[in-house]
Amino acid sequence: MTLPTTDRAWHLTARPDGWPTPADFALREEPVAAPEAGQILVRNLVLSVDPYMRGRMNDVKSYVPPFQLDRPMDGGAVGVVVASEAEGFAVGDHVLHFLGWREYATLDAAHAQKVSPDLAPLSTYLGVMGMPGLTAYAGLLEVASFQEGDTVFVSGAAGAVGSQVGQIARIKGAARVVGSAGSAEKVELLTKEYGFDAAFNYKERPVGEQLREAAPEGVDVYFDNVGGDHLEAAIDAMRPQGRITLCGAIAQYNDAEPAPGPRNLVQVIGKRLRITGMLVSDHDELMPRFAEETAGWIASGQLKYHETATEGIETAVDAFLGMLRGRNTGKMIVRLAD
């Protein structure tokens with residue numbers, strides 16, 4: 001086949017002050033690099049947009065380097081190999097890699113992982129079978145030391161990570177699973193399809209008030225995707241020896257000024273709570289067990305998932321901004337033309 005000579009990629013053109021806007025990004029053409037020894041050229045089929053990407057738009061030192069201005073951004077993607085100079089990778093192979101936000105990617109094959117569309121839809125390797133899924137699995141079972149009989153509260157529970165946390169807790173024998181979400185439709189999804197025992201719309205009334213009603217006996221495990229008022233409410237609701245996994249703080253990602261911390265941290269002392277931040281990259285050793293269990297749960301119908309998709313590279317920024325606003329149910333992805 002004739003290899004492409006030009007690519008389109010999204011660049012960050014300005015560092016957002018508060019909420020990002022379309023003006024902070026530009027879709028630009030650039031040449032496609034032919035693969036050298038040990039490299040592959042991939043035509044991307046599905047791109048991922050994720051909350052952590054907002055932090056990378058700030059020029060601050062963090063666990064992952066910030067996006068560079070006027071350079072292609074990167075993130076999870078699944079694509080098909082169209083040229084290979086790497087042993088073990090053939091044209092037509094499907095791979096997971098991290099040069100998303102573009103139509104074509106030239107990369108070292110060592111940074112790509114083969115995936116099979118026969119085992120699962122390609123998009124699931126960016127969601128339920130990928131990084132968000134492993135985040136849920138490790139954050140609940142390892143970081144929060146989940147035990148059968150625990151009462152679990154999950155914020156951002158209709159998102160890619162939160163929805164899986166709640167379902168894994170149910171599968172593993174939680175006494176009660178409670179979730180928060182941002183609309184009546186998402187609340188219904190949590191209880192009717194995902195099997196949460198209770199859920200509430202955090203926009204309707206104060207989180208603490210609704211959490212007390214949903215979990216009157218208290219909470220053993222809180223999986224935090226939101227921060228802010230949710231974390232404060234959870235600390236109030238925690239039972240002694242409770243465990244909190246800090247996975248994300250999407251409520252604060254777009255604040256121009258630092259948000260005030262929870263006002264009730266003194267309770268951590270008396271309740272002997274354990275609060276632990278997590279990065280999914282610390283738990284790669286769990287991937288084989290996670291993949292085996294998750295594939296089994298999906299096949300049996302115990303674990304369900306949703307995706308929200310936009311079509312075309314042109315829609316990637318809109319998908320990202322929509323995800324930050326909570327307009328997705330489950331994993332937000334961008335599908336490129338086959």
# chains A, B, ... in the order shown; residues from 1 in each chain; ligands from 1

call {"tool": "residues_around", "arguments": {"residues": "Leu231 in chain A", "least_positions_apart": "2", "cutoff": "12 Å", "atoms": "only C-alpha atoms", "output": "number ranges by chain"}}
result
A: 153-156, 180, 207-208, 211, 221-229, 233-238, 244-252, 260-265, 268, 275

call {"tool": "residues_around", "arguments": {"residues": "range 122-125 of chain A", "least_positions_apart": "4", "cutoff": "8 Å", "atoms": "only C-alpha atoms", "output": "list in words"}}
result
Val46, Val78, Leu96, Val115, Ser116, Pro117, Met129, Gly130, Met131 and Ile333 of chain A

call {"tool": "atom_distance", "arguments": {"atom1": "CA of Gln39 in chain A", "atom2": "CA of Leu119 in chain A"}}
result
25.2 Å

call {"tool": "select_by_dssp", "arguments": {"residues": "range 28-240 of chain A", "states": "strand (DSSP E or B)", "output": "JSON, numbers by chain"}}
result
{"A": [28, 29, 30, 31, 39, 40, 41, 42, 43, 44, 45, 46, 47, 48, 69, 72, 77, 78, 79, 80, 81, 82, 83, 84, 94, 95, 96, 97, 102, 104, 105, 106, 107, 108, 113, 114, 115, 151, 152, 153, 154, 159, 176, 177, 178, 179, 180, 181, 198, 199, 200, 201, 219, 220, 221, 222, 223, 224, 238, 239, 240]}

call {"tool": "closest_atom_pairs", "arguments": {"of": "range 106-179 of chain A", "to": "range 278-294 of chain A", "cutoff": "12 Å", "atoms": "only C-alpha atoms", "output": "CSV"}}
result
residue,atom,partner,partner_atom,distance
A:Val115,CA,A:Ala291,CA,12.0
A:Leu119,CA,A:Ala291,CA,11.1
A:Ala120,CA,A:Ala291,CA,11.1
A:Thr124,CA,A:Thr294,CA,11.1
A:Tyr125,CA,A:Ala291,CA,10.1
A:Gly127,CA,A:Thr294,CA,11.5
A:Val128,CA,A:Thr294,CA,8.0
A:Met129,CA,A:Ala291,CA,6.5
A:Gly130,CA,A:Ala291,CA,8.4
A:Met131,CA,A:Val280,CA,7.3
A:Pro132,CA,A:Val280,CA,8.4
A:Gly133,CA,A:Phe290,CA,8.3
A:Leu134,CA,A:Phe290,CA,6.6
A:Thr135,CA,A:Val280,CA,5.2
A:Ala136,CA,A:Val280,CA,8.8
A:Tyr137,CA,A:Phe290,CA,6.9
A:Ala138,CA,A:His283,CA,6.7
A:Gly139,CA,A:Met278,CA,6.9
A:Leu140,CA,A:Met278,CA,10.4
A:Leu141,CA,A:Leu286,CA,10.4
A:Glu142,CA,A:His283,CA,8.8
A:Val143,CA,A:Met278,CA,7.2
A:Ala144,CA,A:Met278,CA,9.8
A:Val161,CA,A:Val280,CA,11.3
A:Gln164,CA,A:Thr294,CA,9.8
A:Val165,CA,A:Thr294,CA,11.7
A:Gln167,CA,A:Thr294,CA,10.7
A:Ile168,CA,A:Thr294,CA,9.0
A:Ile171,CA,A:Glu293,CA,10.8
A:Lys172,CA,A:Glu293,CA,11.2

call {"tool": "select_by_dssp", "arguments": {"residues": "range 101-139 of chain A", "states": "alpha helix (DSSP H)", "output": "PyMOL selection string"}}
result
chain A and resi 131-138

call {"tool": "closest_residue", "arguments": {"among": "A:Gly18, A:Gly149, A:Gly162, A:Gly195", "to": "Val219 in chain A", "atoms": "only C-alpha atoms"}}
result
A:Gly149

call {"tool": "atom_distance", "arguments": {"atom1": "CA of Phe25 in chain A", "atom2": "CA of Met73 in chain A"}}
result
9.9 Å

call {"tool": "closest_residue", "arguments": {"among": "A:Ala158, A:Asn201, A:Thr106, A:Gln302", "to": "Ala33 in chain A", "atoms": "only C-alpha atoms"}}
result
A:Thr106

call {"tool": "atom_distance", "arguments": {"atom1": "CA of Gly242 in chain A", "atom2": "CA of Ala160 in chain A"}}
result
24.0 Å

call {"tool": "residues_around", "arguments": {"residues": "Gly330 in chain A", "least_positions_apart": "6", "cutoff": "7 Å", "atoms": "only C-alpha atoms", "output": "PyMOL selection string"}}
result
chain A and resi 158-160+305-308

call {"tool": "closest_residue", "arguments": {"among": "A:Gln241, A:Thr315, A:Asn328, A:Gln210", "to": "Gly270 in chain A", "atoms": "only C-alpha atoms"}}
result
A:Gln241
